[in-house]
Amino acid sequence: MSSPIINIGILAHVDAGKTTITEQMLFASGALRSMGSVDKGTAVTDNLTVEKERGISVRAATASFEHNGTKINIIDTPGHVDFSGEVERSLLALDAVVLVLSAVEGVQGHTITLFNAIKNLNIPCIIFINKIDRKGADVKLVMQQIESELTDKSVLLQQAKQQGNNEAQLETLFSEKVLIPESITEKIVETDEALLENYLEGEAIAFNQLDQALQNAVAKCQLIPVFIGVAKSSIGLAELTHAITHYFPQSKDQDSAALSALVFKVEHDKSLGKMSYIRVFKGMIQPRDILQKSSSSNDEPQKVGQIKSIVKGKYVDQANISSGDIGVVSGLSRAQVGDVFGENIKGFENYSLSTPMLTVQVKPEKPAEIMDLVKALTELSDEDPMLDLQWLSDIRELHIKISGIIQIEILEAVLKDRFGLKTTFSDPSIIYKETPAQSVYGYERYWMPKPCWAILKLKIEPAERGSGVSYSSEVSTNNVAAKYQNEIEATIDSALKQGVKGWQVTDCKITLVEGEDHNVHSRSGDFIIATPMAIMNGLKESDTTLLEPIVSFSIIAPLDLLGTITSDITKMRGTFESPQIENNQFKITGKFPVATTINYPIRLASLSAGKAKLSTKFDCYQACTEEQGQIRQYKGINPLDRDKWILHARGAIK
């Protein structure tokens, strides 16, 4: 590794100025010859047509520059809540984060969600308060919001001598040349026992001691420095860039260590094919290397093709990806977002920022283009696994999962611009699930019409809420050969995609308790046909309980709205903790169903004239009545229609 590397993310609520900060840093470093503009659609990290036209980021974009001998890889992430999946995938590749706030809007609902994600992953952070020149800018008020709504670990290192009304002038509070306020000194020495002891004994603390202690505290997530400025005018960005290289921890050379690398983004290039964005934590990746996933030794190894970096929004050849660096690799045709190559990475297990809770059907305007749409959505689902494309070929329907209405508009534009397809989307519906109502046995004897022989009995039991699906076998391979047992296990997930109420079946334990194959009549695929029939037979007998998605929420609003908002929550079947009241505001946390609150952000904004802050996060699925939820017809050929299912599975009917 030739020089130190820092991988940073620029995160913010939409319109706080993330992309402008990235653009200014690239320009100031010489990585760009001319400044791009978000408003004019010329920002180098907004390279999709829809991003240029709408002036918002919808995909995470990477760019690099050097400052003081350190290579800085920036990942500019979307700010709109509908694209939280892009942020989630990027966070795992980062060393540190710059969280951007507007000096006018301050801490917003999605800001709280982002900060909680940063805190949960223990990522070092700097906060940048942008737009201090705008009318209504109030750095002091924003700092109060940071302290009360985000963290008490923040430390403001600059102050605004002038702000608002198109004026901005900064004054540093932390350098060798100024008298450092006691409030800053005290916050820093509290993170260092030796310095704190000296300080309490009345000793003078030198600037270099404070500065080193601040470096250590930032690296350990004990303090969050706060800087201010105006990104569009480059005011304060030199200080921010210096802080990034000075306070954030830099990568250590581990090129010779065993490989540990993460795929955090996938794109498709017309000439190069599938491109995998990879963060290397340890080791090195070079062309023609053979990579093996850490999650499964059964996966076939994949060979690295070309290695690229992103320069001015374009692919440029790169010799390798060294430890601590980010690169783009071709040739990994089976790579998926979240794949880890080499040694596993601790701390990434079960991390999630967003969970799509809506589903829509997508149709081409021209029915003849249905297979083109299948191909396009397959590619997009490869890039964004949360879309979770479902292609029901027998009834020629396409369904995807989404996080919000804006995502539909963006997907519609991408399908038109990138693939030349005009499409229509159905109205979104809530994604419900179902779980067995009681323990039951599902039995199937598939032995006609021959040649076929697959007999199995599955015990289907309800499991703890949120546990998902588990499978095990109590049957000897003398009764059901290992290859057929593997067929049963491999079919479980697809067989549970739809239950008797039309939704995915979850939170259950399935056990193969009896079974039989035949050394003459059993054929490969017989147990694949029989397993869904056995499962649906059992679920029909036991019935299922409908499950609805629940989100946890936090609302901060003016005190005079407390009665109205708590009444709303109760009417929406929500629950809440006792409100916390401070400075004529209240904060209330709790849980409510998605079904009753899908339009609540709009009502809350209107009710509070935009002063209320709502942040939500998927919490769990919990039981609801059929009246509270929604039952839908089984899509496609139902395994309960036994004869038709067998004919369909054997290819006799479509």
# chains A, B, ... in the order shown; residues from 1 in each chain; ligands from 1
$ residues_around --residues "Val328 in chain A" --least-positions-apart "3" --cutoff "6 Å" --atoms "only C-alpha atoms" --output "VMD selection string"
chain A and resid 276 to 277 307 to 309
$ closest_residue --among "A:Thr241, A:Thr20, A:Thr616, A:Gln292" --to "Phe227 in chain A" --atoms "only C-alpha atoms"
A:Thr241
$ residues_around --residues "range 218-221 of chain A" --least-positions-apart "5" --cutoff "8 Å" --atoms "only C-alpha atoms" --output "CSV table (one decimal) with C-alpha atoms, in the first residue's frame"
chain,number,residue,atom,x,y,z
A,122,ASN,CA,-19.4,2.2,15.8
A,123,ILE,CA,-18.1,4.3,12.9
A,124,PRO,CA,-16.0,7.5,13.6
A,125,CYS,CA,-18.0,10.6,12.6
A,247,TYR,CA,-8.8,13.0,12.9
A,248,PHE,CA,-10.1,9.9,11.1
A,249,PRO,CA,-8.1,6.7,11.5
$ select_by_dssp --residues "range 374-427 of chain A" --states "strand (DSSP E)" --output "count of residues only"
12
$ residues_around --residues "Leu91 in chain A" --least-positions-apart "4" --cutoff "8 Å" --atoms "only C-alpha atoms" --output "VMD selection string"
chain A and resid 9 87 118
$ closest_residue --among "A:Leu141, A:Ala231, A:Ile646, A:Leu157" --to "Thr19 in chain A" --atoms "only C-alpha atoms"
A:Ala231
$ residues_around --residues "range 426-428 of chain A" --least-positions-apart "3" --cutoff "12 Å" --atoms "only C-alpha atoms" --output "list in words"
Pro356, Met357, Leu358, Thr359, Val360, Gln361, Val362, Lys363, Pro364, Glu397, Leu398, His399, Ile400, Lys401, Ile402, Ser403, Gly404, Ile405, Ile406, Gln407, Ile408, Glu409, Glu412, Thr423, Ile431, Ala595 and Ile598 of chain A
$ closest_residue --among "A:Met371, A:Leu614, A:Ile188, A:Leu559" --to "Asp211 in chain A" --atoms "only C-alpha atoms"
A:Ile188
$ select_by_dssp --residues "range 498-640 of chain A" --states "alpha helix (DSSP H)" --output "PyMOL selection string"
chain A and resi 526-542+562-571+600-607
$ write_last_selection --atoms "N, CA and C atoms" --output "mmCIF file, in the first residue's frame"
data_model
loop_
_atom_site.group_PDB
_atom_site.id
_atom_site.type_symbol
_atom_site.label_atom_id
_atom_site.label_comp_id
_atom_site.auth_asym_id
_atom_site.auth_seq_id
_atom_site.Cartn_x
_atom_site.Cartn_y
_atom_site.Cartn_z
ATOM 1 N N ASP A 526 -38.323 -35.653 -8.128
ATOM 2 C CA ASP A 526 -39.587 -36.134 -7.545
ATOM 3 C C ASP A 526 -39.869 -35.462 -6.204
ATOM 4 N N PHE A 527 -38.839 -35.340 -5.373
ATOM 5 C CA PHE A 527 -39.051 -34.726 -4.058
ATOM 6 C C PHE A 527 -39.191 -33.203 -4.158
ATOM 7 N N ILE A 528 -38.686 -32.633 -5.249
ATOM 8 C CA ILE A 528 -38.904 -31.196 -5.490
ATOM 9 C C ILE A 528 -40.379 -30.944 -5.776
ATOM 10 N N ILE A 529 -41.010 -31.879 -6.486
ATOM 11 C CA ILE A 529 -42.443 -31.763 -6.784
ATOM 12 C C ILE A 529 -43.277 -32.046 -5.540
ATOM 13 N N ALA A 530 -42.861 -33.009 -4.737
ATOM 14 C CA ALA A 530 -43.671 -33.459 -3.602
ATOM 15 C C ALA A 530 -43.599 -32.516 -2.399
ATOM 16 N N THR A 531 -42.456 -31.881 -2.194
ATOM 17 C CA THR A 531 -42.270 -31.061 -0.982
ATOM 18 C C THR A 531 -43.288 -29.922 -0.871
ATOM 19 N N PRO A 532 -43.517 -29.095 -1.915
ATOM 20 C CA PRO A 532 -44.528 -28.031 -1.783
ATOM 21 C C PRO A 532 -45.928 -28.583 -1.502
ATOM 22 N N MET A 533 -46.247 -29.741 -2.059
ATOM 23 C CA MET A 533 -47.567 -30.328 -1.800
ATOM 24 C C MET A 533 -47.691 -30.734 -0.339
ATOM 25 N N ALA A 534 -46.638 -31.332 0.224
ATOM 26 C CA ALA A 534 -46.668 -31.742 1.626
ATOM 27 C C ALA A 534 -46.811 -30.527 2.541
ATOM 28 N N ILE A 535 -46.066 -29.465 2.241
ATOM 29 C CA ILE A 535 -46.115 -28.259 3.075
ATOM 30 C C ILE A 535 -47.501 -27.620 3.022
ATOM 31 N N MET A 536 -48.040 -27.452 1.819
ATOM 32 C CA MET A 536 -49.356 -26.818 1.698
ATOM 33 C C MET A 536 -50.463 -27.683 2.293
ATOM 34 N N ASN A 537 -50.336 -29.005 2.200
ATOM 35 C CA ASN A 537 -51.310 -29.891 2.850
ATOM 36 C C ASN A 537 -51.325 -29.652 4.357
ATOM 37 N N GLY A 538 -50.119 -29.501 4.934
ATOM 38 C CA GLY A 538 -50.028 -29.257 6.368
ATOM 39 C C GLY A 538 -50.564 -27.888 6.756
ATOM 40 N N LEU A 539 -50.203 -26.852 5.986
ATOM 41 C CA LEU A 539 -50.649 -25.495 6.310
ATOM 42 C C LEU A 539 -52.164 -25.358 6.182
ATOM 43 N N LYS A 540 -52.751 -26.069 5.223
ATOM 44 C CA LYS A 540 -54.211 -26.022 5.074
ATOM 45 C C LYS A 540 -54.890 -26.611 6.305
ATOM 46 N N GLU A 541 -54.299 -27.687 6.830
ATOM 47 C CA GLU A 541 -54.892 -28.336 7.996
ATOM 48 C C GLU A 541 -54.719 -27.492 9.261
ATOM 49 N N SER A 542 -53.546 -26.864 9.405
ATOM 50 C CA SER A 542 -53.279 -26.100 10.633
ATOM 51 C C SER A 542 -53.856 -24.703 10.577
ATOM 52 N N LEU A 562 -48.991 17.507 21.646
ATOM 53 C CA LEU A 562 -48.872 16.224 22.345
ATOM 54 C C LEU A 562 -50.189 15.449 22.357
ATOM 55 N N GLY A 563 -51.285 16.104 22.716
ATOM 56 C CA GLY A 563 -52.570 15.417 22.796
ATOM 57 C C GLY A 563 -53.033 14.892 21.457
ATOM 58 N N THR A 564 -52.884 15.692 20.413
ATOM 59 C CA THR A 564 -53.315 15.287 19.072
ATOM 60 C C THR A 564 -52.505 14.102 18.572
ATOM 61 N N ILE A 565 -51.176 14.162 18.764
ATOM 62 C CA ILE A 565 -50.304 13.105 18.241
ATOM 63 C C ILE A 565 -50.498 11.798 19.003
ATOM 64 N N THR A 566 -50.622 11.851 20.316
ATOM 65 C CA THR A 566 -50.850 10.606 21.063
ATOM 66 C C THR A 566 -52.208 10.003 20.717
ATOM 67 N N SER A 567 -53.186 10.860 20.443
ATOM 68 C CA SER A 567 -54.496 10.365 20.013
ATOM 69 C C SER A 567 -54.381 9.680 18.657
ATOM 70 N N ASP A 568 -53.610 10.294 17.738
ATOM 71 C CA ASP A 568 -53.381 9.687 16.421
ATOM 72 C C ASP A 568 -52.745 8.312 16.562
ATOM 73 N N ILE A 569 -51.732 8.227 17.414
ATOM 74 C CA ILE A 569 -51.011 6.960 17.583
ATOM 75 C C ILE A 569 -51.958 5.868 18.078
ATOM 76 N N THR A 570 -52.790 6.205 19.025
ATOM 77 C CA THR A 570 -53.753 5.229 19.560
ATOM 78 C C THR A 570 -54.734 4.775 18.480
ATOM 79 N N LYS A 571 -55.243 5.736 17.698
ATOM 80 C CA LYS A 571 -56.180 5.392 16.625
ATOM 81 C C LYS A 571 -55.528 4.501 15.571
ATOM 82 N N TYR A 600 -48.974 8.692 7.296
ATOM 83 C CA TYR A 600 -48.863 9.538 8.482
ATOM 84 C C TYR A 600 -47.763 10.602 8.377
ATOM 85 N N PRO A 601 -46.627 10.342 7.732
ATOM 86 C CA PRO A 601 -45.623 11.410 7.613
ATOM 87 C C PRO A 601 -46.180 12.681 6.968
ATOM 88 N N ILE A 602 -47.074 12.511 5.979
ATOM 89 C CA ILE A 602 -47.672 13.677 5.319
ATOM 90 C C ILE A 602 -48.599 14.401 6.287
ATOM 91 N N ARG A 603 -49.443 13.636 7.021
ATOM 92 C CA ARG A 603 -50.356 14.253 7.990
ATOM 93 C C ARG A 603 -49.580 14.977 9.090
ATOM 94 N N LEU A 604 -48.518 14.349 9.582
ATOM 95 C CA LEU A 604 -47.750 14.942 10.674
ATOM 96 C C LEU A 604 -47.075 16.239 10.234
ATOM 97 N N ALA A 605 -46.529 16.240 9.005
ATOM 98 C CA ALA A 605 -45.895 17.451 8.489
ATOM 99 C C ALA A 605 -46.908 18.577 8.371
ATOM 100 N N SER A 606 -48.108 18.239 7.888
ATOM 101 C CA SER A 606 -49.160 19.249 7.744
ATOM 102 C C SER A 606 -49.638 19.740 9.105
ATOM 103 N N LEU A 607 -49.819 18.819 10.030
ATOM 104 C CA LEU A 607 -50.313 19.140 11.367
ATOM 105 C C LEU A 607 -49.369 20.073 12.115
#
$ residues_around --residues "Thr355 in chain A" --least-positions-apart "4" --cutoff "12 Å" --atoms "only C-alpha atoms" --output "JSON, numbers by chain"
{"A": [81, 82, 83, 84, 85, 86, 88, 351, 359, 385, 386, 387, 388, 401, 402, 403, 404, 431, 549, 550, 551, 594, 616, 617, 618, 619, 620, 621]}
$ atom_distance --atom1 "CA of Asp339 in chain A" --atom2 "CA of Thr245 in chain A"
29.0 Å
$ residues_around --residues "Leu173 in chain A" --least-positions-apart "6" --cutoff "7 Å" --atoms "only C-alpha atoms" --output "list of chain:residue names"
A:Leu157, A:Gln158, A:Gln159, A:Ile180
